[in-house]
Amino acid sequence: MPELPEVEIVRKSLSKNIKGKVITKVEVNNRNLRVKIEKKFEEKLKKKKIKKIDRFSKYIIIVFFDNSFCLIHLGMSGTIHLLKKKNKNKFTNTSFYHSPHLPKKHNHVEIELQNISLIYNDPRRFGYLLYFDNKKQLQKKFKSYGPEPFSKKFNLEYILKYFQNKHKNIKNFLLDQKFVSGLGNIYASEVLFESKIYPLKSASLLTNDQLKKIIKYSKKVLKRSIAKGGSSIRDFKNTTGDQGSFQKEFKVYNREHLKCTRRSCGGIIKKIIISNRSSFFCNICQK
DNA sequence: AAGAGGCCCTGATAGC
DNA sequence: TGCTATCAGGGCCTCT
């Protein structure tokens, strides 16, 4: 589910609710996530005090005061739920992302922080949690990742150099975290629409003007989505919580057969499959 | 060594 | 009602 904006919304919520707290208990119900949770995970996290919550790309980074780290990746279906302890033993649901109630199944990890309980839920188990002892390990993990769209490193020179001797369509490049990190399937389509670029266009054929548009709109689209609380799809039922609303502003994603939102374009949104993932685009204004 | 494709997994939905 | 097939916001691994 989560691309950069959604993860940033989770980060903000965690920062607000668990910064400064001490981990009092860790319970792993299922270690078999995308990456198996190490045996000593619980032991290593216990008694750690949270200095701050960072994010890189689609990763949440819990930073402890002793400069160790806990990394959380939400995969496709991961969600984090915060429960607040009301009386001595009972936790009640106060904050959550995407789902108004704590799911009954797939609550794989529970981390208690004094009066708050953090629950990692993930039906498909494509997400994972990692513990890092020091900053070196963290840097190693992100070594092969490209810059975020917000980074100054994501500039025209970088892109031109990166595309040298590579032959792929632009949609695949935007999904490639080694090139640029944080975009996923929704925002890749949205950025290409705003940039008026056809997703199957060979990246090496793009003009400098088009590349500048990609730089501009990748920042813009992500920022706008963050401001709107991210995108919530497939989890509509209730709206009591921190449900995002950017899905209402999708110009192409999930809009097959509908009209292009550009006035006087007259195009129709099409859906094609690129590398096994849906891509949406306007058949007239994206070239 | 770049790039295509398979695969990890569960759940929701569509079609019969 | 119940079966089967398809699809889903990610990304790693293997093969060519």
# chains A, B, ... in the order shown; residues from 1 in each chain; ligands from 1
>>> residues_around(residues="DG11 in chain C", least_positions_apart="4", cutoff="12 Å", atoms="only C-alpha atoms (C1' of nucleotides)", output="list in words")
Arg34, Val35, Lys58, His73, Leu74, Gly75, Met76, Phe126, Gly127, Tyr128, Leu175, Asp176, Gln177, Lys178, Ser181 and Gly184 of chain A; DC7 and DC8 of chain B
>>> select_by_dssp(residues="range 1-195 of chain A", states="alpha helix (DSSP H)", output="PyMOL selection string")
chain A and resi 4-18+41-45+135-142+156-163+170-175+185-194
>>> closest_atom_pairs(of="chain C", to="chain A", cutoff="10 Å", atoms="only C-alpha atoms (C1' of nucleotides)", output="Markdown table")
| residue | atom | partner | partner_atom | distance |
| --- | --- | --- | --- | --- |
| C:DC7 | C1' | A:Ser278 | CA | 9.7 |
| C:DA8 | C1' | A:Met76 | CA | 8.1 |
| C:DG9 | C1' | A:Met1 | CA | 3.0 |
| C:DG10 | C1' | A:Gly75 | CA | 5.4 |
| C:DG11 | C1' | A:Gly75 | CA | 8.4 |
| C:DC12 | C1' | A:Arg34 | CA | 9.6 |
>>> atom_distance(atom1="CA of Leu205 in chain A", atom2="CA of Phe250 in chain A")
26.7 Å
>>> atom_distance(atom1="CA of Leu83 in chain A", atom2="CA of Ser117 in chain A")
5.0 Å
>>> residues_around(residues="range 134-140 of chain A", least_positions_apart="5", cutoff="8 Å", atoms="only C-alpha atoms (C1' of nucleotides)", output="PDB file with C-alpha atoms, in the first residue's frame")
ATOM      1  CA  ASN A  67      21.999   5.420  18.299  1.00  0.00           C
ATOM      2  CA  SER A  68      20.639   2.029  17.435  1.00  0.00           C
ATOM      3  CA  PHE A  69      17.720   1.751  15.018  1.00  0.00           C
TER       4      PHE A  69
END
>>> residues_around(residues="DA14 in chain B", least_positions_apart="4", cutoff="12 Å", atoms="only C-alpha atoms (C1' of nucleotides)", output="MDAnalysis selection string")
chainID C and resid 4:7
>>> write_last_selection(atoms="N, CA and C atoms (P, O5', C5', C4', C3', O3' and C1' of nucleotides)", output="mmCIF file, in the first residue's frame")
data_model
loop_
_atom_site.group_PDB
_atom_site.id
_atom_site.type_symbol
_atom_site.label_atom_id
_atom_site.label_comp_id
_atom_site.auth_asym_id
_atom_site.auth_seq_id
_atom_site.Cartn_x
_atom_site.Cartn_y
_atom_site.Cartn_z
ATOM 1 P P DT C 4 -12.081 -24.597 -7.018
ATOM 2 O "O5'" DT C 4 -12.000 -23.472 -8.145
ATOM 3 C "C5'" DT C 4 -12.606 -23.679 -9.413
ATOM 4 C "C4'" DT C 4 -12.276 -22.491 -10.286
ATOM 5 C "C3'" DT C 4 -10.788 -22.119 -10.264
ATOM 6 O "O3'" DT C 4 -10.354 -21.936 -11.596
ATOM 7 C "C1'" DT C 4 -12.118 -20.248 -9.652
ATOM 8 P P DA C 5 -8.847 -21.631 -11.934
ATOM 9 O "O5'" DA C 5 -8.929 -20.083 -12.290
ATOM 10 C "C5'" DA C 5 -9.945 -19.627 -13.155
ATOM 11 C "C4'" DA C 5 -9.822 -18.126 -13.316
ATOM 12 C "C3'" DA C 5 -8.384 -17.620 -13.396
ATOM 13 O "O3'" DA C 5 -8.331 -16.631 -14.409
ATOM 14 C "C1'" DA C 5 -9.496 -16.584 -11.565
ATOM 15 P P DT C 6 -6.965 -15.930 -14.792
ATOM 16 O "O5'" DT C 6 -7.139 -14.529 -14.039
ATOM 17 C "C5'" DT C 6 -8.280 -13.734 -14.308
ATOM 18 C "C4'" DT C 6 -8.214 -12.475 -13.468
ATOM 19 C "C3'" DT C 6 -6.821 -11.833 -13.436
ATOM 20 O "O3'" DT C 6 -6.964 -10.459 -13.710
ATOM 21 C "C1'" DT C 6 -7.641 -12.107 -11.243
ATOM 22 P P DC C 7 -5.678 -9.605 -14.132
ATOM 23 O "O5'" DC C 7 -5.619 -8.529 -12.969
ATOM 24 C "C5'" DC C 7 -6.803 -7.904 -12.491
ATOM 25 C "C4'" DC C 7 -6.561 -7.446 -11.076
ATOM 26 C "C3'" DC C 7 -5.163 -6.844 -10.878
ATOM 27 O "O3'" DC C 7 -5.262 -5.446 -10.656
ATOM 28 C "C1'" DC C 7 -5.797 -8.315 -9.089
#
>>> interface_residues(of="chain B", to="chain A", cutoff="9 Å", atoms="only C-alpha atoms (C1' of nucleotides)", output="ChimeraX atom specification")
/B:2-5,8-12
>>> residues_around(residues="Gly266 in chain A", least_positions_apart="4", cutoff="9 Å", atoms="only C-alpha atoms (C1' of nucleotides)", output="ChimeraX atom specification")
/A:259-262,284-285
>>> write_last_selection(atoms="N, CA, C and O atoms", output="short mmCIF file (atom, residue, chain, number, x, y, z; two decimals), in the first residue's frame")
data_model
loop_
_atom_site.label_atom_id
_atom_site.label_comp_id
_atom_site.auth_asym_id
_atom_site.auth_seq_id
_atom_site.Cartn_x
_atom_site.Cartn_y
_atom_site.Cartn_z
N LYS A 259 -12.79 10.45 -18.41
CA LYS A 259 -12.24 11.55 -19.21
C LYS A 259 -11.00 12.14 -18.55
O LYS A 259 -10.89 12.21 -17.33
N CYS A 260 -10.09 12.60 -19.38
CA CYS A 260 -8.92 13.33 -18.90
C CYS A 260 -9.39 14.58 -18.17
O CYS A 260 -10.31 15.25 -18.60
N THR A 261 -8.74 14.88 -17.03
CA THR A 261 -9.18 16.03 -16.23
C THR A 261 -8.68 17.35 -16.81
O THR A 261 -9.09 18.41 -16.34
N ARG A 262 -7.80 17.29 -17.80
CA ARG A 262 -7.34 18.54 -18.41
C ARG A 262 -8.44 19.11 -19.29
O ARG A 262 -8.90 18.44 -20.23
N ILE A 284 -4.34 11.10 -25.00
CA ILE A 284 -4.10 12.27 -25.85
C ILE A 284 -2.93 13.12 -25.34
O ILE A 284 -2.00 13.40 -26.09
N CYS A 285 -2.95 13.51 -24.09
CA CYS A 285 -1.96 14.52 -23.68
C CYS A 285 -0.64 13.95 -23.17
O CYS A 285 0.29 14.71 -22.91
#
>>> residues_around(residues="Gly146 in chain A", least_positions_apart="2", cutoff="10 Å", atoms="only C-alpha atoms (C1' of nucleotides)", output="number ranges by chain")
A: 57, 142-144, 148-149, 151, 153-154, 176-182
>>> write_last_selection(atoms="N, CA and C atoms", output="compact mmCIF listing (two decimals), in the first residue's frame")
# COMPACT_ATOMS: atom_id res chain seq x y z
N SER A 57 12.72 7.15 2.11
CA SER A 57 11.94 6.48 1.09
C SER A 57 10.68 5.89 1.72
N PHE A 142 20.90 1.34 2.97
CA PHE A 142 20.38 2.30 1.98
C PHE A 142 21.40 2.68 0.90
N LYS A 143 22.51 2.01 0.92
CA LYS A 143 23.60 2.34 0.00
C LYS A 143 23.16 2.34 -1.47
N SER A 144 22.38 1.33 -1.83
CA SER A 144 22.04 1.19 -3.24
C SER A 144 20.77 1.93 -3.63
N GLU A 148 15.74 10.57 -2.89
CA GLU A 148 14.30 10.84 -2.91
C GLU A 148 14.04 11.98 -3.89
N PRO A 149 12.83 12.09 -4.40
CA PRO A 149 12.50 13.19 -5.30
C PRO A 149 12.78 14.56 -4.68
N SER A 151 15.21 15.38 -2.82
CA SER A 151 16.64 15.64 -2.66
C SER A 151 17.20 16.50 -3.78
N LYS A 153 19.95 16.05 -4.93
CA LYS A 153 20.69 15.12 -5.81
C LYS A 153 19.82 14.65 -6.97
N PHE A 154 18.52 14.76 -6.81
CA PHE A 154 17.63 14.34 -7.90
C PHE A 154 17.48 15.51 -8.87
N ASP A 176 11.86 2.14 -10.10
CA ASP A 176 13.14 1.56 -9.70
C ASP A 176 13.75 2.37 -8.56
N GLN A 177 13.78 1.78 -7.37
CA GLN A 177 14.24 2.51 -6.19
C GLN A 177 15.73 2.83 -6.24
N LYS A 178 16.45 2.14 -7.11
CA LYS A 178 17.88 2.44 -7.25
C LYS A 178 18.06 3.76 -8.01
N PHE A 179 17.08 4.12 -8.81
CA PHE A 179 17.13 5.38 -9.55
C PHE A 179 16.58 6.52 -8.71
N VAL A 180 15.35 6.37 -8.26
CA VAL A 180 14.75 7.38 -7.39
C VAL A 180 13.91 6.63 -6.35
N SER A 181 14.03 7.00 -5.10
CA SER A 181 13.34 6.19 -4.10
C SER A 181 12.16 6.91 -3.47
N GLY A 182 11.08 6.18 -3.32
CA GLY A 182 9.89 6.72 -2.67
C GLY A 182 8.65 6.64 -3.53
>>> select_by_dssp(residues="range 9-106 of chain A", states="strand (DSSP E)", output="PDB file with N, CA and C atoms, in the first residue's frame")
ATOM      1  N   LYS A  25       7.955  -3.717  26.448  1.00  0.00           N
ATOM      2  CA  LYS A  25       7.700  -5.121  26.134  1.00  0.00           C
ATOM      3  C   LYS A  25       7.597  -5.301  24.624  1.00  0.00           C
ATOM      4  N   VAL A  26       8.153  -6.394  24.122  1.00  0.00           N
ATOM      5  CA  VAL A  26       8.035  -6.699  22.701  1.00  0.00           C
ATOM      6  C   VAL A  26       7.523  -8.113  22.531  1.00  0.00           C
ATOM      7  N   GLU A  27       6.499  -8.270  21.709  1.00  0.00           N
ATOM      8  CA  GLU A  27       5.946  -9.595  21.469  1.00  0.00           C
ATOM      9  C   GLU A  27       5.851  -9.842  19.972  1.00  0.00           C
ATOM     10  N   VAL A  28       6.475 -10.914  19.508  1.00  0.00           N
ATOM     11  CA  VAL A  28       6.399 -11.275  18.093  1.00  0.00           C
ATOM     12  C   VAL A  28       5.506 -12.498  17.944  1.00  0.00           C
ATOM     13  N   ILE A  50      13.134   6.073  22.737  1.00  0.00           N
ATOM     14  CA  ILE A  50      13.030   6.613  21.377  1.00  0.00           C
ATOM     15  C   ILE A  50      13.420   8.082  21.305  1.00  0.00           C
ATOM     16  N   LYS A  51      14.441   8.334  20.499  1.00  0.00           N
ATOM     17  CA  LYS A  51      14.944   9.706  20.328  1.00  0.00           C
ATOM     18  C   LYS A  51      14.101  10.443  19.297  1.00  0.00           C
ATOM     19  N   LYS A  52      13.870   9.796  18.149  1.00  0.00           N
ATOM     20  CA  LYS A  52      13.038  10.405  17.109  1.00  0.00           C
ATOM     21  C   LYS A  52      12.605   9.355  16.088  1.00  0.00           C
ATOM     22  N   ILE A  53      11.671   9.743  15.239  1.00  0.00           N
ATOM     23  CA  ILE A  53      11.213   8.852  14.173  1.00  0.00           C
ATOM     24  C   ILE A  53      11.562   9.507  12.850  1.00  0.00           C
ATOM     25  N   ASP A  54      12.432   8.863  12.095  1.00  0.00           N
ATOM     26  CA  ASP A  54      12.825   9.354  10.775  1.00  0.00           C
ATOM     27  C   ASP A  54      12.159   8.531   9.697  1.00  0.00           C
ATOM     28  N   ARG A  55      12.384   8.946   8.470  1.00  0.00           N
ATOM     29  CA  ARG A  55      11.895   8.165   7.336  1.00  0.00           C
ATOM     30  C   ARG A  55      12.879   8.320   6.204  1.00  0.00           C
ATOM     31  N   PHE A  56      13.160   7.231   5.516  1.00  0.00           N
ATOM     32  CA  PHE A  56      13.849   7.358   4.238  1.00  0.00           C
ATOM     33  C   PHE A  56      13.068   6.542   3.224  1.00  0.00           C
ATOM     34  N   TYR A  59      10.650   3.658   4.111  1.00  0.00           N
ATOM     35  CA  TYR A  59      11.045   3.039   5.376  1.00  0.00           C
ATOM     36  C   TYR A  59      10.849   3.982   6.549  1.00  0.00           C
ATOM     37  N   ILE A  60      10.284   3.463   7.616  1.00  0.00           N
ATOM     38  CA  ILE A  60      10.220   4.199   8.870  1.00  0.00           C
ATOM     39  C   ILE A  60      11.454   3.814   9.676  1.00  0.00           C
ATOM     40  N   ILE A  61      12.113   4.824  10.241  1.00  0.00           N
ATOM     41  CA  ILE A  61      13.332   4.565  11.012  1.00  0.00           C
ATOM     42  C   ILE A  61      13.129   5.076  12.431  1.00  0.00           C
ATOM     43  N   ILE A  62      13.016   4.148  13.364  1.00  0.00           N
ATOM     44  CA  ILE A  62      12.921   4.540  14.771  1.00  0.00           C
ATOM     45  C   ILE A  62      14.340   4.664  15.303  1.00  0.00           C
ATOM     46  N   VAL A  63      14.686   5.867  15.745  1.00  0.00           N
ATOM     47  CA  VAL A  63      16.043   6.119  16.238  1.00  0.00           C
ATOM     48  C   VAL A  63      16.020   6.127  17.764  1.00  0.00           C
ATOM     49  N   PHE A  64      16.883   5.307  18.366  1.00  0.00           N
ATOM     50  CA  PHE A  64      16.950   5.253  19.822  1.00  0.00           C
ATOM     51  C   PHE A  64      18.067   6.146  20.337  1.00  0.00           C
ATOM     52  N   PHE A  69      18.872   1.437  15.863  1.00  0.00           N
ATOM     53  CA  PHE A  69      17.720   1.751  15.018  1.00  0.00           C
ATOM     54  C   PHE A  69      16.780   0.570  14.859  1.00  0.00           C
ATOM     55  N   CYS A  70      15.509   0.890  14.680  1.00  0.00           N
ATOM     56  CA  CYS A  70      14.548  -0.119  14.259  1.00  0.00           C
ATOM     57  C   CYS A  70      13.907   0.370  12.962  1.00  0.00           C
ATOM     58  N   LEU A  71      14.044  -0.459  11.925  1.00  0.00           N
ATOM     59  CA  LEU A  71      13.534  -0.104  10.608  1.00  0.00           C
ATOM     60  C   LEU A  71      12.217  -0.828  10.368  1.00  0.00           C
ATOM     61  N   ILE A  72      11.244  -0.118   9.836  1.00  0.00           N
ATOM     62  CA  ILE A  72       9.978  -0.782   9.503  1.00  0.00           C
ATOM     63  C   ILE A  72       9.625  -0.512   8.051  1.00  0.00           C
ATOM     64  N   HIS A  73       9.406  -1.593   7.309  1.00  0.00           N
ATOM     65  CA  HIS A  73       8.910  -1.459   5.944  1.00  0.00           C
ATOM     66  C   HIS A  73       7.528  -2.085   5.884  1.00  0.00           C
ATOM     67  N   THR A  79       0.235  -2.202   8.059  1.00  0.00           N
ATOM     68  CA  THR A  79      -0.299  -1.025   8.736  1.00  0.00           C
ATOM     69  C   THR A  79       0.209  -1.012  10.165  1.00  0.00           C
ATOM     70  N   ILE A  80       0.290   0.185  10.721  1.00  0.00           N
ATOM     71  CA  ILE A  80       0.709   0.317  12.111  1.00  0.00           C
ATOM     72  C   ILE A  80      -0.443   0.898  12.914  1.00  0.00           C
ATOM     73  N   HIS A  81      -0.699   0.296  14.025  1.00  0.00           N
ATOM     74  CA  HIS A  81      -1.810   0.724  14.877  1.00  0.00           C
ATOM     75  C   HIS A  81      -1.279   1.098  16.248  1.00  0.00           C
ATOM     76  N   LEU A  82      -1.792   2.183  16.781  1.00  0.00           N
ATOM     77  CA  LEU A  82      -1.400   2.580  18.129  1.00  0.00           C
ATOM     78  C   LEU A  82      -2.597   2.449  19.052  1.00  0.00           C
ATOM     79  N   LEU A  83      -2.390   1.739  20.135  1.00  0.00           N
ATOM     80  CA  LEU A  83      -3.453   1.598  21.128  1.00  0.00           C
ATOM     81  C   LEU A  83      -3.000   2.280  22.410  1.00  0.00           C
ATOM     82  N   LYS A  84      -3.921   2.964  23.034  1.00  0.00           N
ATOM     83  CA  LYS A  84      -3.588   3.645  24.284  1.00  0.00           C
ATOM     84  C   LYS A  84      -4.158   2.868  25.463  1.00  0.00           C
ATOM     85  N   LYS A  85      -3.363   2.749  26.489  1.00  0.00           N
ATOM     86  CA  LYS A  85      -3.803   2.017  27.677  1.00  0.00           C
ATOM     87  C   LYS A  85      -4.761   2.900  28.467  1.00  0.00           C
ATOM     88  N   PHE A  91      -5.904  -1.979  26.590  1.00  0.00           N
ATOM     89  CA  PHE A  91      -5.532  -1.023  25.550  1.00  0.00           C
ATOM     90  C   PHE A  91      -6.749  -0.700  24.690  1.00  0.00           C
ATOM     91  N   THR A  92      -6.934   0.558  24.378  1.00  0.00           N
ATOM     92  CA  THR A  92      -8.024   0.925  23.464  1.00  0.00           C
ATOM     93  C   THR A  92      -7.450   1.629  22.240  1.00  0.00           C
ATOM     94  N   ASN A  93      -8.157   1.455  21.166  1.00  0.00           N
ATOM     95  CA  ASN A  93      -7.717   1.980  19.884  1.00  0.00           C
ATOM     96  C   ASN A  93      -7.874   3.503  19.823  1.00  0.00           C
ATOM     97  N   THR A  94      -6.775   4.214  19.652  1.00  0.00           N
ATOM     98  CA  THR A  94      -6.910   5.672  19.580  1.00  0.00           C
ATOM     99  C   THR A  94      -6.403   6.235  18.270  1.00  0.00           C
ATOM    100  N   SER A  95      -5.474   5.566  17.666  1.00  0.00           N
ATOM    101  CA  SER A  95      -4.890   6.114  16.453  1.00  0.00           C
ATOM    102  C   SER A  95      -4.518   4.963  15.550  1.00  0.00           C
ATOM    103  N   PHE A  96      -4.704   5.157  14.288  1.00  0.00           N
ATOM    104  CA  PHE A  96      -4.433   4.061  13.381  1.00  0.00           C
ATOM    105  C   PHE A  96      -4.259   4.643  12.001  1.00  0.00           C
TER     106      PHE A  96
END
